[in-house]
file data_14.cif (mmCIF, C-alpha atoms)
data_start
#
loop_
_atom_site.group_PDB
_atom_site.id
_atom_site.type_symbol
_atom_site.label_atom_id
_atom_site.label_comp_id
_atom_site.auth_asym_id
_atom_site.auth_seq_id
_atom_site.Cartn_x
_atom_site.Cartn_y
_atom_site.Cartn_z
ATOM 1 C CA MET A 1 -56.610 -24.684 4.976
ATOM 2 C CA THR A 2 -56.688 -28.277 3.725
ATOM 3 C CA PHE A 3 -56.761 -29.644 0.193
ATOM 4 C CA ASP A 4 -60.539 -29.914 0.117
ATOM 5 C CA SER A 5 -62.850 -29.042 -2.774
ATOM 6 C CA PRO A 6 -63.128 -25.276 -2.016
ATOM 7 C CA PHE A 7 -59.354 -24.980 -1.831
ATOM 8 C CA LEU A 8 -58.874 -26.884 -5.102
ATOM 9 C CA ILE A 9 -61.462 -24.613 -6.732
ATOM 10 C CA PHE A 10 -59.521 -21.631 -5.372
ATOM 11 C CA LEU A 11 -56.269 -22.954 -6.890
ATOM 12 C CA LEU A 12 -57.888 -23.685 -10.235
ATOM 13 C CA SER A 13 -59.557 -20.261 -10.342
ATOM 14 C CA VAL A 14 -56.282 -18.480 -9.533
ATOM 15 C CA ALA A 15 -54.429 -20.468 -12.215
ATOM 16 C CA LEU A 16 -57.061 -19.781 -14.878
ATOM 17 C CA ILE A 17 -57.142 -16.042 -14.173
ATOM 18 C CA LEU A 18 -53.350 -15.739 -13.990
ATOM 19 C CA ILE A 19 -52.856 -17.534 -17.301
ATOM 20 C CA THR A 20 -55.521 -15.477 -19.073
ATOM 21 C CA PRO A 21 -54.024 -12.840 -21.409
ATOM 22 C CA GLY A 22 -54.007 -9.409 -19.820
ATOM 23 C CA PRO A 23 -51.807 -6.324 -19.503
ATOM 24 C CA THR A 24 -49.318 -7.927 -17.100
ATOM 25 C CA ASN A 25 -48.946 -11.115 -19.154
ATOM 26 C CA THR A 26 -48.593 -9.099 -22.352
ATOM 27 C CA LEU A 27 -45.786 -7.053 -20.798
ATOM 28 C CA LEU A 28 -44.059 -10.233 -19.580
ATOM 29 C CA ALA A 29 -44.184 -11.679 -23.096
ATOM 30 C CA VAL A 30 -42.835 -8.450 -24.591
ATOM 31 C CA ALA A 31 -40.063 -8.468 -21.951
ATOM 32 C CA GLY A 32 -39.160 -12.046 -22.888
ATOM 33 C CA LEU A 33 -39.021 -10.953 -26.513
ATOM 34 C CA GLY A 34 -36.868 -7.880 -25.914
ATOM 35 C CA LEU A 35 -34.701 -8.906 -22.967
ATOM 36 C CA GLY A 36 -34.427 -12.660 -23.352
ATOM 37 C CA TRP A 37 -35.519 -15.319 -20.886
ATOM 38 C CA ARG A 38 -32.849 -14.898 -18.199
ATOM 39 C CA ARG A 39 -32.901 -11.094 -18.033
ATOM 40 C CA ALA A 40 -36.707 -10.959 -17.986
ATOM 41 C CA LEU A 41 -37.140 -13.456 -15.123
ATOM 42 C CA PRO A 42 -36.455 -10.885 -12.327
ATOM 43 C CA LEU A 43 -39.564 -9.029 -13.495
ATOM 44 C CA LEU A 44 -41.587 -11.770 -11.786
ATOM 45 C CA LEU A 45 -40.635 -10.162 -8.455
ATOM 46 C CA PHE A 46 -42.351 -6.972 -9.573
ATOM 47 C CA GLU A 47 -45.395 -8.880 -10.824
ATOM 48 C CA PHE A 48 -45.637 -10.523 -7.399
ATOM 49 C CA ALA A 49 -45.184 -7.169 -5.616
ATOM 50 C CA GLY A 50 -47.902 -5.574 -7.744
ATOM 51 C CA TYR A 51 -50.415 -8.327 -7.089
ATOM 52 C CA PHE A 52 -49.472 -8.605 -3.411
ATOM 53 C CA ILE A 53 -50.060 -4.896 -2.816
ATOM 54 C CA SER A 54 -53.182 -4.746 -4.987
ATOM 55 C CA ILE A 55 -54.872 -7.808 -3.481
ATOM 56 C CA SER A 56 -53.952 -6.826 0.080
ATOM 57 C CA VAL A 57 -55.138 -3.220 -0.268
ATOM 58 C CA TRP A 58 -58.379 -4.255 -1.944
ATOM 59 C CA GLY A 59 -59.053 -7.005 0.555
ATOM 60 C CA LEU A 60 -58.027 -5.237 3.756
ATOM 61 C CA LEU A 61 -58.894 -1.601 3.122
ATOM 62 C CA LEU A 62 -60.857 -0.854 -0.006
ATOM 63 C CA ALA A 63 -63.443 -3.654 0.007
ATOM 64 C CA PRO A 64 -65.211 -2.253 3.100
ATOM 65 C CA LEU A 65 -64.873 1.279 1.696
ATOM 66 C CA GLN A 66 -66.240 0.221 -1.685
ATOM 67 C CA ALA A 67 -69.328 -1.240 -0.016
ATOM 68 C CA GLN A 68 -70.196 2.263 1.231
ATOM 69 C CA HIS A 69 -68.737 4.261 -1.690
ATOM 70 C CA PRO A 70 -69.085 2.452 -5.061
ATOM 71 C CA TRP A 71 -67.224 5.291 -6.827
ATOM 72 C CA VAL A 72 -63.953 3.971 -5.360
ATOM 73 C CA ALA A 73 -63.942 0.997 -7.758
ATOM 74 C CA THR A 74 -64.819 3.320 -10.665
ATOM 75 C CA LEU A 75 -61.905 5.608 -9.814
ATOM 76 C CA VAL A 76 -59.488 2.662 -9.718
ATOM 77 C CA ARG A 77 -60.730 1.423 -13.099
ATOM 78 C CA ILE A 78 -60.285 4.854 -14.675
ATOM 79 C CA ALA A 79 -56.737 5.155 -13.314
ATOM 80 C CA SER A 80 -55.988 1.646 -14.595
ATOM 81 C CA ALA A 81 -57.344 2.441 -18.078
ATOM 82 C CA CYS A 82 -55.291 5.649 -18.301
ATOM 83 C CA TYR A 83 -52.042 3.983 -17.262
ATOM 84 C CA LEU A 84 -52.554 1.068 -19.636
ATOM 85 C CA ALA A 85 -53.252 3.488 -22.513
ATOM 86 C CA TYR A 86 -49.962 5.251 -21.725
ATOM 87 C CA THR A 87 -48.161 1.889 -21.567
ATOM 88 C CA ALA A 88 -49.631 0.790 -24.910
ATOM 89 C CA VAL A 89 -48.302 3.925 -26.618
ATOM 90 C CA LYS A 90 -44.857 3.447 -25.049
ATOM 91 C CA VAL A 91 -44.638 -0.228 -26.032
ATOM 92 C CA TRP A 92 -45.711 0.662 -29.608
ATOM 93 C CA ARG A 93 -43.064 3.393 -29.929
ATOM 94 C CA ASP A 94 -40.334 1.226 -28.414
ATOM 95 C CA ALA A 95 -40.994 -1.537 -30.969
ATOM 96 C CA ARG A 96 -39.006 0.400 -33.569
ATOM 97 C CA LEU A 97 -35.975 0.261 -31.247
ATOM 98 C CA LEU A 98 -36.180 -3.506 -30.743
ATOM 99 C CA HIS A 99 -32.770 -5.207 -30.997
ATOM 100 C CA SER A 100 -31.016 -1.848 -31.369
ATOM 101 C CA GLY A 101 -28.622 -0.143 -28.995
ATOM 102 C CA GLN A 102 -31.293 2.434 -28.161
ATOM 103 C CA GLN A 103 -33.927 -0.108 -27.182
ATOM 104 C CA ARG A 104 -36.060 0.808 -24.177
ATOM 105 C CA THR A 105 -37.698 -2.404 -23.085
ATOM 106 C CA ILE A 106 -40.156 -3.271 -20.338
ATOM 107 C CA THR A 107 -38.962 -1.812 -17.039
ATOM 108 C CA PRO A 108 -39.675 -3.099 -13.524
ATOM 109 C CA ARG A 109 -41.593 0.113 -12.751
ATOM 110 C CA MET A 110 -43.767 -0.324 -15.846
ATOM 111 C CA LEU A 111 -44.615 -3.914 -14.936
ATOM 112 C CA LEU A 112 -45.231 -3.043 -11.276
ATOM 113 C CA MET A 113 -47.630 -0.210 -12.123
ATOM 114 C CA ALA A 114 -49.492 -2.233 -14.756
ATOM 115 C CA THR A 115 -49.940 -5.062 -12.239
ATOM 116 C CA LEU A 116 -50.993 -2.710 -9.431
ATOM 117 C CA LEU A 117 -53.700 -1.320 -11.712
ATOM 118 C CA ASN A 118 -54.617 -4.662 -13.244
ATOM 119 C CA PRO A 119 -58.317 -5.355 -12.522
ATOM 120 C CA LYS A 120 -57.387 -8.983 -11.866
ATOM 121 C CA GLY A 121 -56.179 -7.824 -8.426
ATOM 122 C CA LEU A 122 -59.678 -6.630 -7.596
ATOM 123 C CA LEU A 123 -61.137 -9.902 -8.844
ATOM 124 C CA PHE A 124 -58.718 -11.970 -6.761
ATOM 125 C CA ALA A 125 -59.398 -9.966 -3.589
ATOM 126 C CA LEU A 126 -63.171 -9.711 -3.773
ATOM 127 C CA VAL A 127 -64.174 -12.917 -5.569
ATOM 128 C CA ILE A 128 -61.460 -15.585 -5.772
ATOM 129 C CA PHE A 129 -59.689 -15.490 -2.398
ATOM 130 C CA PRO A 130 -61.520 -17.314 0.432
ATOM 131 C CA PRO A 131 -64.199 -15.120 2.086
ATOM 132 C CA HIS A 132 -62.346 -14.856 5.410
ATOM 133 C CA ALA A 133 -58.812 -14.700 3.991
ATOM 134 C CA PHE A 134 -58.372 -11.091 5.071
ATOM 135 C CA GLU A 135 -59.690 -11.672 8.577
ATOM 136 C CA THR A 136 -57.387 -14.534 9.635
ATOM 137 C CA PRO A 137 -53.580 -14.126 9.372
ATOM 138 C CA HIS A 138 -53.061 -17.867 8.865
ATOM 139 C CA LEU A 139 -55.644 -18.118 6.083
ATOM 140 C CA TYR A 140 -54.250 -14.966 4.453
ATOM 141 C CA ALA A 141 -50.697 -16.383 4.536
ATOM 142 C CA VAL A 142 -51.762 -19.739 3.086
ATOM 143 C CA SER A 143 -53.848 -18.079 0.361
ATOM 144 C CA MET A 144 -51.084 -15.662 -0.646
ATOM 145 C CA THR A 145 -48.429 -18.416 -0.601
ATOM 146 C CA SER A 146 -50.584 -20.622 -2.821
ATOM 147 C CA PHE A 147 -51.171 -17.661 -5.134
ATOM 148 C CA THR A 148 -47.416 -17.039 -5.400
ATOM 149 C CA LEU A 149 -46.628 -20.696 -6.125
ATOM 150 C CA LEU A 150 -48.954 -20.457 -9.129
ATOM 151 C CA LEU A 151 -47.835 -16.988 -10.235
ATOM 152 C CA VAL A 152 -44.153 -17.924 -10.716
ATOM 153 C CA PRO A 153 -44.543 -20.775 -13.247
ATOM 154 C CA ILE A 154 -47.347 -19.020 -15.125
ATOM 155 C CA GLY A 155 -45.370 -15.771 -15.363
ATOM 156 C CA THR A 156 -42.348 -17.767 -16.521
ATOM 157 C CA LEU A 157 -44.518 -19.359 -19.189
ATOM 158 C CA TRP A 158 -45.461 -15.937 -20.589
ATOM 159 C CA ILE A 159 -41.822 -14.795 -20.583
ATOM 160 C CA SER A 160 -40.851 -18.026 -22.353
ATOM 161 C CA LEU A 161 -43.546 -17.459 -24.972
ATOM 162 C CA GLY A 162 -42.179 -14.001 -25.745
ATOM 163 C CA HIS A 163 -38.621 -15.335 -25.819
ATOM 164 C CA ALA A 164 -39.619 -18.138 -28.212
ATOM 165 C CA LEU A 165 -41.153 -15.610 -30.604
ATOM 166 C CA GLY A 166 -37.787 -13.860 -30.875
ATOM 167 C CA HIS A 167 -35.765 -17.077 -31.128
ATOM 168 C CA GLU A 168 -33.894 -17.990 -34.279
ATOM 169 C CA ARG A 169 -36.140 -20.981 -34.899
ATOM 170 C CA LEU A 170 -39.035 -18.533 -35.281
ATOM 171 C CA ARG A 171 -37.223 -16.079 -37.567
ATOM 172 C CA PHE A 172 -40.289 -15.851 -39.791
ATOM 173 C CA VAL A 173 -42.020 -14.025 -36.906
ATOM 174 C CA SER A 174 -41.140 -10.327 -36.773
ATOM 175 C CA PRO A 175 -40.327 -9.306 -33.169
ATOM 176 C CA ARG A 176 -41.330 -5.728 -33.997
ATOM 177 C CA LYS A 177 -44.762 -6.856 -35.184
ATOM 178 C CA VAL A 178 -45.177 -9.089 -32.125
ATOM 179 C CA GLN A 179 -44.350 -6.185 -29.797
ATOM 180 C CA ARG A 180 -46.773 -3.903 -31.630
ATOM 181 C CA LEU A 181 -49.423 -6.612 -31.425
ATOM 182 C CA GLY A 182 -48.785 -6.628 -27.673
ATOM 183 C CA SER A 183 -49.249 -2.857 -27.666
ATOM 184 C CA VAL A 184 -52.602 -3.215 -29.405
ATOM 185 C CA ALA A 185 -53.655 -5.874 -26.873
ATOM 186 C CA ILE A 186 -52.776 -3.566 -23.952
ATOM 187 C CA ALA A 187 -54.717 -0.725 -25.605
ATOM 188 C CA MET A 188 -57.743 -3.015 -25.952
ATOM 189 C CA PHE A 189 -57.552 -3.882 -22.248
ATOM 190 C CA SER A 190 -57.458 -0.145 -21.519
ATOM 191 C CA VAL A 191 -60.593 0.483 -23.589
ATOM 192 C CA PHE A 192 -62.398 -2.471 -22.006
ATOM 193 C CA ILE A 193 -61.577 -1.298 -18.474
ATOM 194 C CA ALA A 194 -62.663 2.277 -19.283
ATOM 195 C CA TRP A 195 -65.923 0.955 -20.758
ATOM 196 C CA ALA A 196 -66.533 -1.142 -17.636
ATOM 197 C CA ALA A 197 -65.936 1.931 -15.451
ATOM 198 C CA PHE A 198 -68.583 4.050 -17.159
ATOM 199 C CA ARG A 199 -71.267 1.547 -18.070
#

call {"tool": "encode", "arguments": {"input": "data_14.cif", "output": "structure tokens"}}
result
Amino acid sequence: MTFDSPFLIFLLSVALILITPGPTNTLLAVAGLGLGWRRALPLLLFEFAGYFISISVWGLLLAPLQAQHPWVATLVRIASACYLAYTAVKVWRDARLLHSGQQRTITPRMLLMATLLNPKGLLFALVIFPPHAFETPHLYAVSMTSFTLLLVPIGTLWISLGHALGHERLRFVSPRKVQRLGSVAIAMFSVFIAWAAFR
């Protein structure tokens, strides 16, 4: 794959979708708020793992199946909505423990599952990645490597945003309220995904 117009469009599309607020980005920001920048950075490995598995499964296995059985995509959306609703409740409840010894912050498993069920994975696999990316090993490797090189700085940006909100220079911002706002955002994503599944 060369740096021609289609490839540049691919890179721009990936960057725009990755930077768009969503359940994974919200969790990264909340992790930056609760854990701090350094301790939250390893969560990027789990974001990558979630997207890697999701995009690969959709592209290699489920896309052909979905063409014959449209209910597969509906089932995935319902599962995604349910898990995000559960995550929203957990993030809301944990806000009261923020900066206390009992704090339960964003876990790798939570981020991995939210990313696995993030509808962005479906969008990347079926719309954004090059049409033949899942048929040619070389094209698949180049596409996934390019995706990863964009994911890391964008994920770091979201962690940094959350960390900045809890920094002393932003003391007028309540970390508890920010985390609960994140919970509300995740709940809204859950409702939107559920609505999309049944419309």

call {"tool": "resolve_selection", "arguments": {"input": "data_14.cif", "expression": "the PyMOL selection byres ((chain A and resi 104-119) around 8)", "output": "PyMOL selection string"}}
result
chain A and resi 23-24+27-28+30-31+34-35+43+46-47+49-51+53-54+76-77+79-80+83-84+87+91+94+97-98+102-103+120-123+193

call {"tool": "resolve_selection", "arguments": {"input": "data_14.cif", "expression": "the PyMOL selection byres ((chain A and resi 17-22) around 8)", "output": "PDB file with C-alpha atoms, in the coordinates of the input"}}
result
ATOM      1  CA  SER A  13     -59.557 -20.261 -10.342  1.00  0.00           C
ATOM      2  CA  VAL A  14     -56.282 -18.480  -9.533  1.00  0.00           C
ATOM      3  CA  ALA A  15     -54.429 -20.468 -12.215  1.00  0.00           C
ATOM      4  CA  LEU A  16     -57.061 -19.781 -14.878  1.00  0.00           C
ATOM      5  CA  PRO A  23     -51.807  -6.324 -19.503  1.00  0.00           C
ATOM      6  CA  THR A  24     -49.318  -7.927 -17.100  1.00  0.00           C
ATOM      7  CA  ASN A  25     -48.946 -11.115 -19.154  1.00  0.00           C
ATOM      8  CA  THR A  26     -48.593  -9.099 -22.352  1.00  0.00           C
ATOM      9  CA  LYS A 120     -57.387  -8.983 -11.866  1.00  0.00           C
ATOM     10  CA  LEU A 151     -47.835 -16.988 -10.235  1.00  0.00           C
ATOM     11  CA  ILE A 154     -47.347 -19.020 -15.125  1.00  0.00           C
ATOM     12  CA  GLY A 155     -45.370 -15.771 -15.363  1.00  0.00           C
ATOM     13  CA  ALA A 185     -53.655  -5.874 -26.873  1.00  0.00           C
ATOM     14  CA  ILE A 186     -52.776  -3.566 -23.952  1.00  0.00           C
ATOM     15  CA  PHE A 189     -57.552  -3.882 -22.248  1.00  0.00           C
TER      16      PHE A 189
END

call {"tool": "closest_residue", "arguments": {"input": "data_14.cif", "among": "A:Leu45, A:Ala40, A:Ile128, A:Ala81", "to": "A:Ile9", "atoms": "only C-alpha atoms"}}
result
A:Ile128

call {"tool": "resolve_selection", "arguments": {"input": "data_14.cif", "expression": "the PyMOL selection byres ((chain A and resi 162) around 9)", "output": "PyMOL selection string"}}
result
chain A and resi 26+28-34+36-37+157-161+163-167+175+178

call {"tool": "atom_distance", "arguments": {"input": "data_14.cif", "atom1": "atom CA of A:Thr156", "atom2": "atom CA of A:His138"}}
result
27.6 Å

call {"tool": "atom_distance", "arguments": {"input": "data_14.cif", "atom1": "atom CA of A:Ile55", "atom2": "atom CA of A:Phe124"}}
result
6.5 Å

call {"tool": "closest_residue", "arguments": {"input": "data_14.cif", "among": "A:Lys177, A:Ala85, A:Leu65, A:Gly59", "to": "A:Thr136", "atoms": "all atoms listed in the file"}}
result
A:Gly59

call {"tool": "atom_distance", "arguments": {"input": "data_14.cif", "atom1": "atom CA of A:Ala187", "atom2": "atom CA of A:Leu41"}}
result
24.1 Å

call {"tool": "axis_aligned_box", "arguments": {"input": "data_14.cif", "around": "stretch 74-80 of chain A", "padding_each_side": "8 Å", "output": "JSON"}}
result
{"center_x": -60.4, "center_y": 3.5, "center_z": -12.2, "size_x": 24.8, "size_y": 20.2, "size_z": 21.0}

call {"tool": "decode", "arguments": {"input": "data_14.cif", "residues": "stretch 10-21 of chain A", "atoms": "all heavy atoms", "output": "mmCIF file, in the first residue's frame"}}
result
data_model
loop_
_atom_site.group_PDB
_atom_site.id
_atom_site.type_symbol
_atom_site.label_atom_id
_atom_site.label_comp_id
_atom_site.auth_asym_id
_atom_site.auth_seq_id
_atom_site.Cartn_x
_atom_site.Cartn_y
_atom_site.Cartn_z
ATOM 1 N N PHE A 10 -8.050 6.752 4.072
ATOM 2 C CA PHE A 10 -8.150 5.705 5.090
ATOM 3 C C PHE A 10 -7.580 6.198 6.421
ATOM 4 O O PHE A 10 -8.212 6.071 7.473
ATOM 5 C CB PHE A 10 -7.416 4.453 4.611
ATOM 6 C CG PHE A 10 -7.085 3.462 5.691
ATOM 7 C CD1 PHE A 10 -8.082 2.704 6.286
ATOM 8 C CD2 PHE A 10 -5.773 3.285 6.104
ATOM 9 C CE1 PHE A 10 -7.773 1.796 7.295
ATOM 10 C CE2 PHE A 10 -5.453 2.377 7.101
ATOM 11 C CZ PHE A 10 -6.466 1.628 7.695
ATOM 12 N N LEU A 11 -6.371 6.798 6.381
ATOM 13 C CA LEU A 11 -5.741 7.293 7.601
ATOM 14 C C LEU A 11 -6.568 8.386 8.260
ATOM 15 O O LEU A 11 -6.764 8.389 9.486
ATOM 16 C CB LEU A 11 -4.336 7.824 7.295
ATOM 17 C CG LEU A 11 -3.286 6.806 6.849
ATOM 18 C CD1 LEU A 11 -1.982 7.518 6.503
ATOM 19 C CD2 LEU A 11 -3.046 5.758 7.931
ATOM 20 N N LEU A 12 -7.069 9.299 7.455
ATOM 21 C CA LEU A 12 -7.873 10.399 7.994
ATOM 22 C C LEU A 12 -9.162 9.868 8.609
ATOM 23 O O LEU A 12 -9.574 10.307 9.693
ATOM 24 C CB LEU A 12 -8.186 11.405 6.884
ATOM 25 C CG LEU A 12 -9.026 12.623 7.292
ATOM 26 C CD1 LEU A 12 -8.309 13.417 8.374
ATOM 27 C CD2 LEU A 12 -9.322 13.500 6.079
ATOM 28 N N SER A 13 -9.799 8.913 7.934
ATOM 29 C CA SER A 13 -11.048 8.341 8.442
ATOM 30 C C SER A 13 -10.823 7.628 9.766
ATOM 31 O O SER A 13 -11.607 7.771 10.716
ATOM 32 C CB SER A 13 -11.639 7.363 7.418
ATOM 33 O OG SER A 13 -11.914 8.010 6.202
ATOM 34 N N VAL A 14 -9.735 6.842 9.842
ATOM 35 C CA VAL A 14 -9.414 6.130 11.087
ATOM 36 C C VAL A 14 -9.191 7.131 12.212
ATOM 37 O O VAL A 14 -9.719 6.969 13.322
ATOM 38 C CB VAL A 14 -8.173 5.237 10.904
ATOM 39 C CG1 VAL A 14 -7.659 4.736 12.257
ATOM 40 C CG2 VAL A 14 -8.499 4.043 10.012
ATOM 41 N N ALA A 15 -8.408 8.186 11.936
ATOM 42 C CA ALA A 15 -8.101 9.185 12.965
ATOM 43 C C ALA A 15 -9.370 9.878 13.453
ATOM 44 O O ALA A 15 -9.564 10.060 14.667
ATOM 45 C CB ALA A 15 -7.113 10.210 12.416
ATOM 46 N N LEU A 16 -10.239 10.250 12.535
ATOM 47 C CA LEU A 16 -11.470 10.956 12.916
ATOM 48 C C LEU A 16 -12.382 10.079 13.767
ATOM 49 O O LEU A 16 -12.977 10.538 14.741
ATOM 50 C CB LEU A 16 -12.210 11.438 11.663
ATOM 51 C CG LEU A 16 -11.570 12.611 10.923
ATOM 52 C CD1 LEU A 16 -12.317 12.904 9.635
ATOM 53 C CD2 LEU A 16 -11.530 13.853 11.817
ATOM 54 N N ILE A 17 -12.487 8.806 13.401
ATOM 55 C CA ILE A 17 -13.364 7.901 14.166
ATOM 56 C C ILE A 17 -12.749 7.587 15.528
ATOM 57 O O ILE A 17 -13.451 7.545 16.545
ATOM 58 C CB ILE A 17 -13.642 6.621 13.367
ATOM 59 C CG1 ILE A 17 -14.479 6.968 12.136
ATOM 60 C CG2 ILE A 17 -14.379 5.583 14.229
ATOM 61 C CD1 ILE A 17 -14.635 5.844 11.161
ATOM 62 N N LEU A 18 -11.434 7.381 15.571
ATOM 63 C CA LEU A 18 -10.785 7.086 16.847
ATOM 64 C C LEU A 18 -10.881 8.251 17.821
ATOM 65 O O LEU A 18 -11.027 8.053 19.028
ATOM 66 C CB LEU A 18 -9.310 6.728 16.631
ATOM 67 C CG LEU A 18 -9.006 5.308 16.152
ATOM 68 C CD1 LEU A 18 -7.512 5.156 15.896
ATOM 69 C CD2 LEU A 18 -9.467 4.269 17.171
ATOM 70 N N ILE A 19 -10.803 9.472 17.310
ATOM 71 C CA ILE A 19 -10.806 10.631 18.213
ATOM 72 C C ILE A 19 -12.215 11.028 18.635
ATOM 73 O O ILE A 19 -12.404 11.765 19.610
ATOM 74 C CB ILE A 19 -10.077 11.831 17.555
ATOM 75 C CG1 ILE A 19 -9.510 12.756 18.631
ATOM 76 C CG2 ILE A 19 -11.000 12.589 16.592
ATOM 77 C CD1 ILE A 19 -8.536 13.773 18.105
ATOM 78 N N THR A 20 -13.219 10.515 17.936
ATOM 79 C CA THR A 20 -14.605 10.829 18.269
ATOM 80 C C THR A 20 -14.960 10.263 19.645
ATOM 81 O O THR A 20 -14.621 9.120 19.953
ATOM 82 C CB THR A 20 -15.563 10.228 17.215
ATOM 83 O OG1 THR A 20 -15.226 10.770 15.938
ATOM 84 C CG2 THR A 20 -17.013 10.549 17.543
ATOM 85 N N PRO A 21 -15.630 11.041 20.495
ATOM 86 C CA PRO A 21 -16.036 10.513 21.805
ATOM 87 C C PRO A 21 -16.872 9.240 21.652
ATOM 88 O O PRO A 21 -17.707 9.129 20.762
ATOM 89 C CB PRO A 21 -16.885 11.652 22.394
ATOM 90 C CG PRO A 21 -16.387 12.884 21.702
ATOM 91 C CD PRO A 21 -16.023 12.444 20.309
#
